[in-house]
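Structure file query-v3.json with JSON, C-alpha atoms:
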[["chain", "number", "residue", "atom", "x", "y", "z"],
["L", 1, "MET", "CA", -5.68, 10.30, -8.12],
["L", 2, "GLN", "CA", -6.94, 7.27, -6.26],
["L", 3, "LYS", "CA", -4.27, 4.61, -5.81],
["L", 4, "SER", "CA", -6.44, 1.78, -7.19],
["L", 5, "ARG", "CA", -7.36, 3.81, -10.28],
["L", 6, "TYR", "CA", -3.71, 4.69, -10.80],
["L", 7, "ASN", "CA", -2.74, 1.02, -10.39],
["L", 8, "GLU", "CA", -5.32, 0.06, -13.02],
["L", 9, "GLN", "CA", -3.86, 2.65, -15.40],
["L", 10, "MET", "CA", -0.37, 1.29, -14.78],
["L", 11, "GLN", "CA", -1.61, -2.26, -15.41],
["L", 12, "GLN", "CA", -3.13, -1.08, -18.70],
["L", 13, "LEU", "CA", 0.19, 0.49, -19.67],
["L", 14, "VAL", "CA", 1.85, -2.90, -19.14],
["L", 15, "VAL", "CA", -0.68, -4.40, -21.57],
["L", 16, "GLU", "CA", 0.13, -1.63, -24.08],
["L", 17, "TYR", "CA", 3.84, -2.29, -23.60],
["L", 18, "GLN", "CA", 3.32, -5.95, -24.45],
["L", 19, "LYS", "CA", 1.05, -5.17, -27.43],
["L", 20, "ALA", "CA", 3.72, -2.80, -28.76],
["L", 21, "GLY", "CA", 5.98, -5.83, -29.14],
["L", 22, "GLN", "CA", 8.42, -4.78, -26.47],
["L", 23, "PRO", "CA", 10.65, -7.43, -24.85],
["L", 24, "TRP", "CA", 8.78, -9.74, -22.45],
["L", 25, "PRO", "CA", 9.48, -10.78, -19.72],
["L", 26, "ALA", "CA", 10.74, -7.31, -18.91],
["L", 27, "THR", "CA", 12.08, -5.30, -16.01],
["L", 28, "THR", "CA", 9.96, -2.52, -14.55],
["L", 29, "ARG", "CA", 12.82, -0.16, -15.45],
["L", 30, "ASP", "CA", 12.60, -1.17, -19.14],
["L", 31, "MET", "CA", 8.81, -0.79, -19.10],
["L", 32, "ALA", "CA", 9.05, 2.60, -17.39],
["L", 33, "ALA", "CA", 11.66, 3.82, -19.89],
["L", 34, "TRP", "CA", 9.34, 2.86, -22.77],
["L", 35, "MET", "CA", 6.35, 4.55, -21.10],
["L", 36, "VAL", "CA", 8.25, 7.79, -20.51],
["L", 37, "ARG", "CA", 9.86, 7.69, -23.99],
["L", 38, "THR", "CA", 6.49, 7.24, -25.68],
["L", 39, "GLY", "CA", 4.80, 9.89, -23.53],
["L", 40, "LYS", "CA", 2.37, 7.39, -22.03],
["L", 41, "TRP", "CA", 3.47, 8.29, -18.49],
["L", 42, "GLN", "CA", 4.27, 11.74, -17.16],
["L", 43, "PRO", "CA", 4.52, 12.53, -13.44],
["L", 44, "SER", "CA", 2.19, 15.13, -11.99],
["L", 45, "ARG", "CA", 3.10, 17.18, -8.89],
["L", 46, "GLU", "CA", 0.83, 14.90, -6.81],
["L", 47, "LEU", "CA", 2.54, 11.83, -8.24],
["L", 48, "ALA", "CA", 6.00, 13.33, -7.61],
["L", 49, "ILE", "CA", 5.08, 13.86, -3.94],
["L", 50, "GLU", "CA", 3.69, 10.32, -3.72],
["L", 51, "GLN", "CA", 6.85, 8.93, -5.33],
["L", 52, "CYS", "CA", 9.05, 10.92, -2.93],
["L", 53, "ALA", "CA", 7.00, 9.62, 0.02],
["L", 54, "ASP", "CA", 7.36, 6.05, -1.27],
["L", 55, "ASP", "CA", 11.11, 6.54, -1.69],
["L", 56, "LEU", "CA", 11.35, 7.90, 1.87],
["L", 57, "ALA", "CA", 9.43, 4.90, 3.22],
["L", 58, "ARG", "CA", 11.70, 2.50, 1.31],
["L", 59, "ALA", "CA", 14.81, 4.26, 2.63],
["L", 60, "MET", "CA", 13.50, 4.17, 6.21],
["L", 61, "ARG", "CA", 12.62, 0.46, 5.91],
["L", 62, "GLU", "CA", 16.21, -0.19, 4.84],
["L", 63, "GLU", "CA", 17.86, 1.71, 7.70],
["L", 64, "PHE", "CA", 19.42, -0.74, 10.16],
["L", 65, "ILE", "CA", 21.36, -0.38, 13.38],
["L", 66, "THR", "CA", 23.26, -2.89, 15.50],
["L", 67, "ASP", "CA", 21.93, -3.26, 19.02],
["L", 68, "ARG", "CA", 23.99, -3.89, 22.17],
["L", 69, "GLN", "CA", 23.62, -7.64, 21.69],
["L", 70, "GLY", "CA", 25.05, -7.40, 18.16],
["L", 71, "ARG", "CA", 21.74, -7.92, 16.32],
["L", 72, "ARG", "CA", 21.13, -6.04, 13.10],
["L", 73, "VAL", "CA", 17.67, -4.49, 13.52],
["L", 74, "ARG", "CA", 15.47, -2.13, 11.58],
["L", 75, "ALA", "CA", 15.73, 1.43, 12.99],
["L", 76, "LYS", "CA", 12.53, 2.98, 11.66],
["L", 77, "HIS", "CA", 9.05, 1.48, 12.04],
["L", 78, "ALA", "CA", 5.70, 2.45, 10.53],
["L", 79, "ALA", "CA", 2.32, 2.33, 12.25],
["L", 80, "ARG", "CA", -0.98, 3.10, 10.52],
["L", 81, "ARG", "CA", -3.49, 5.01, 12.58],
["L", 82, "GLU", "CA", -6.73, 6.76, 11.88],
["L", 83, "VAL", "CA", -6.61, 10.52, 12.34],
["L", 84, "ASN", "CA", -9.72, 12.62, 11.70],
["L", 85, "GLY", "CA", -11.32, 9.72, 9.84],
["L", 86, "GLU", "CA", -8.30, 9.21, 7.56],
["L", 87, "GLN", "CA", -5.76, 6.38, 7.64],
["L", 88, "GLN", "CA", -2.25, 7.76, 7.96],
["L", 89, "THR", "CA", 1.12, 6.08, 8.39],
["L", 90, "PHE", "CA", 3.45, 7.48, 11.02],
["L", 91, "TRP", "CA", 7.13, 6.60, 11.25],
["L", 92, "ALA", "CA", 9.20, 6.46, 14.43],
["L", 93, "ASP", "CA", 12.66, 5.36, 15.45],
["L", 94, "LEU", "CA", 12.98, 2.15, 17.46],
["L", 95, "ARG", "CA", 15.31, 3.91, 19.90],
["L", 96, "THR", "CA", 12.90, 6.74, 20.75],
["L", 97, "ALA", "CA", 9.41, 5.56, 19.79],
["L", 98, "PRO", "CA", 6.65, 5.30, 22.38],
["L", 99, "ARG", "CA", 5.77, 1.69, 23.28],
["L", 100, "GLU", "CA", 2.24, 2.14, 21.85],
["L", 101, "HIS", "CA", 3.68, 3.04, 18.43],
["L", 102, "MET", "CA", 5.95, -0.02, 18.45],
["L", 103, "GLU", "CA", 3.13, -2.37, 19.53],
["L", 104, "ILE", "CA", 1.03, -1.15, 16.61],
["L", 105, "ALA", "CA", 3.95, -1.31, 14.17],
["L", 106, "PHE", "CA", 4.94, -4.86, 15.17],
["L", 107, "SER", "CA", 1.34, -6.10, 15.08],
["L", 108, "GLN", "CA", 0.75, -4.60, 11.64],
["L", 109, "ARG", "CA", 3.99, -6.05, 10.25],
["L", 110, "ARG", "CA", 3.00, -9.49, 11.55],
["L", 111, "GLN", "CA", -0.39, -9.15, 9.86],
["L", 112, "GLN", "CA", 1.34, -8.21, 6.59],
["L", 113, "ILE", "CA", 3.41, -11.38, 6.83],
["L", 114, "VAL", "CA", 0.30, -13.49, 7.47],
["L", 115, "SER", "CA", -1.43, -11.84, 4.49],
["L", 116, "ASP", "CA", 1.60, -12.50, 2.27],
["L", 117, "CYS", "CA", 1.58, -16.16, 3.33],
["L", 118, "ALA", "CA", -2.15, -16.47, 2.63],
["L", 119, "GLN", "CA", -1.68, -14.98, -0.85],
["L", 120, "LEU", "CA", 1.30, -17.25, -1.52],
["L", 121, "LYS", "CA", -0.79, -20.27, -0.51],
["L", 122, "ARG", "CA", -3.59, -19.22, -2.90],
["L", 123, "ASP", "CA", -1.05, -18.67, -5.70],
["L", 124, "VAL", "CA", 0.62, -22.05, -5.16],
["L", 125, "ASP", "CA", -2.75, -23.84, -4.89],
["L", 126, "CYS", "CA", -3.95, -22.18, -8.10],
["L", 127, "TYR", "CA", -0.76, -23.11, -9.95],
["L", 128, "ASN", "CA", -0.79, -26.69, -8.68],
["L", 129, "GLU", "CA", -4.49, -27.22, -9.46],
["L", 130, "ASN", "CA", -4.66, -25.42, -12.81],
["L", 131, "PHE", "CA", -1.26, -25.13, -14.49],
["L", 132, "ASN", "CA", 1.26, -27.52, -12.95],
["L", 133, "GLU", "CA", 1.78, -30.64, -15.04],
["L", 134, "GLY", "CA", 4.33, -32.14, -12.64],
["L", 135, "THR", "CA", 4.53, -32.91, -8.96],
["L", 136, "ALA", "CA", 2.67, -30.41, -6.81],
["L", 137, "ILE", "CA", 4.84, -27.65, -5.36],
["L", 138, "GLN", "CA", 4.70, -27.86, -1.58],
["L", 139, "MET", "CA", 4.90, -24.84, 0.72],
["L", 140, "VAL", "CA", 5.64, -25.06, 4.44],
["L", 141, "PHE", "CA", 4.27, -22.18, 6.49],
["L", 142, "ASP", "CA", 5.83, -23.17, 9.81],
["L", 143, "PHE", "CA", 8.85, -20.87, 10.03],
["L", 144, "THR", "CA", 10.19, -22.17, 13.35],
["L", 145, "MET", "CA", 13.22, -23.95, 11.85],
["L", 146, "ASP", "CA", 13.93, -21.08, 9.45],
["L", 147, "LEU", "CA", 13.99, -18.61, 12.34],
["L", 148, "GLU", "CA", 16.23, -20.88, 14.42],
["L", 149, "GLU", "CA", 18.69, -21.24, 11.51],
["L", 150, "LEU", "CA", 18.77, -17.48, 10.91],
["L", 151, "GLU", "CA", 19.25, -16.73, 14.60],
["L", 152, "ALA", "CA", 22.08, -19.27, 14.79],
["L", 153, "ALA", "CA", 23.74, -17.61, 11.78],
["L", 154, "TYR", "CA", 23.69, -14.23, 13.55],
["L", 155, "ALA", "CA", 24.95, -15.62, 16.87]]

Can you give me the file's structure in the form of structure tokens?
Amino acid sequence: MQKSRYNEQMQQLVVEYQKAGQPWPATTRDMAAWMVRTGKWQPSRELAIEQCADDLARAMREEFITDRQGRRVRAKHAARREVNGEQQTFWADLRTAPREHMEIAFSQRRQQIVSDCAQLKRDVDCYNENFNEGTAIQMVFDFTMDLEELEAAYA
């Protein structure tokens, strides 16, 4: 099943959850329990493999090591590459990965951060311009001081 189609089905299930009078706001765990209990969601083999892959990716993202300088760093890094016309994500360990893999992984992570900031800016602007009845919420996207404070805390 295509990911976007699946996401649309999941979004529709959230609407059904709300229409069924279930508690809202709600946790994803509560919504999932209701969907499974009511038979509205049942995992297929393909979905089970996808879920396992997602769980593996999450676990690898959360694996940290301490380097010789005492910094806590992520051990595993993902890099998307095209293989035979298909986008695939390859994982490697920081300690053994080829430089090319790490350059791609770091560049892609930076782009994800930029994209997250752009989306946050759109969300804040939308809220401030359309729904905020008080003082506009301000966002600062210069992270220099934040990084300095975090580095000082780890020193």

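For the atom pair formed by CA of Ala155 in chain L and CA of Gln69 in chain L, the distance is 9.4 Å, given to one decimal.
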
Assuming 5 Å of padding per side, give the centre and edge lengths of the axis-aligned box around every listed atom of range 34-51 of chain L, in Å to one decimal and as AutoDock Vina command-line options.
--center_x 5.3 --center_y 10.0 --center_z -14.7 --size_x 19.0 --size_y 24.3 --size_z 32.0

Contacts between range 20-34 of chain L and range 39-93 of chain L, please, where a residue of range 39-93 of chain L counts if it comes within 12 Å (with all atoms listed in the file); show its shortest atom pair and distance in Å to one decimal, rows by chain and ascending number, as a tab-separated table.
residue	atom	partner	partner_atom	distance
L:Gly39	CA	L:Trp34	CA	8.4
L:Lys40	CA	L:Trp34	CA	8.3
L:Trp41	CA	L:Ala32	CA	8.0
L:Gln42	CA	L:Ala32	CA	10.3
L:Pro43	CA	L:Ala32	CA	11.6

**Message:** Can you tell me which residues surround Cys117 in chain L at a distance of at most 12 Å, considering only C-alpha atoms, apart from same-chain residues fewer than 3 positions away, and format the answer as a VMD selection string?
**Reply:** chain L and resid 110 to 114 120 to 124 139 to 143

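Using only C-alpha atoms, the shortest contact distance between Leu56 in chain L and any of L:Ser107, L:Glu149, L:Arg68, L:Ala78 is found at L:Ala78.
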
**Request:** For the point (16.1, 3.5, 11.6) in the file's frame, write as a list in words all residues with an atom no more than 12 Å away, counting all atoms listed in the file.
**Result:** Leu56, Ala57, Arg58, Ala59, Met60, Arg61, Glu62, Glu63, Phe64, Ile65, Thr66, Asp67, Arg72, Val73, Arg74, Ala75, Lys76, His77, Ala78, Trp91, Ala92, Asp93, Leu94, Arg95, Thr96 and Ala97 of chain L

Residues from last step as file, C-alpha atoms, as a compact mmCIF listing (two decimals), in the coordinates of the input:
# COMPACT_ATOMS: atom_id res chain seq x y z
CA LEU L 56 11.35 7.90 1.87
CA ALA L 57 9.43 4.90 3.22
CA ARG L 58 11.70 2.50 1.31
CA ALA L 59 14.81 4.26 2.63
CA MET L 60 13.50 4.17 6.21
CA ARG L 61 12.62 0.46 5.91
CA GLU L 62 16.21 -0.19 4.84
CA GLU L 63 17.86 1.71 7.70
CA PHE L 64 19.42 -0.74 10.16
CA ILE L 65 21.36 -0.38 13.38
CA THR L 66 23.26 -2.89 15.50
CA ASP L 67 21.93 -3.26 19.02
CA ARG L 72 21.13 -6.04 13.10
CA VAL L 73 17.67 -4.49 13.52
CA ARG L 74 15.47 -2.13 11.58
CA ALA L 75 15.73 1.43 12.99
CA LYS L 76 12.53 2.98 11.66
CA HIS L 77 9.05 1.48 12.04
CA ALA L 78 5.70 2.45 10.53
CA TRP L 91 7.13 6.60 11.25
CA ALA L 92 9.20 6.46 14.43
CA ASP L 93 12.66 5.36 15.45
CA LEU L 94 12.98 2.15 17.46
CA ARG L 95 15.31 3.91 19.90
CA THR L 96 12.90 6.74 20.75
CA ALA L 97 9.41 5.56 19.79

**Asked** Which residue gives the smallest distance to Arg80 in chain L among L:Ala136, L:Met102, L:Cys126, L:Val36, with only C-alpha atoms counted?
**Response**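 Looking only at the distances to Arg80 in chain L, the closest residue turns out to be L:Met102.
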
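Counting from CA of Arg37 in chain L, the distance to CA of Val15 in chain L is 16.2 Å.
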
**Request:** For CA of Phe90 in chain L and CA of Asp116 in chain L, quote the distance in Å rounded to one decimal.
**Result:**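 Calculated distance between CA of Phe90 in chain L and CA of Asp116 in chain L is 21.9 Å.
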
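For the choices L:Asn132, L:Ala79, L:Ser44, L:Gln11, the atom-to-atom distance to Arg99 in chain L is smallest for L:Ala79 when using only C-alpha atoms.
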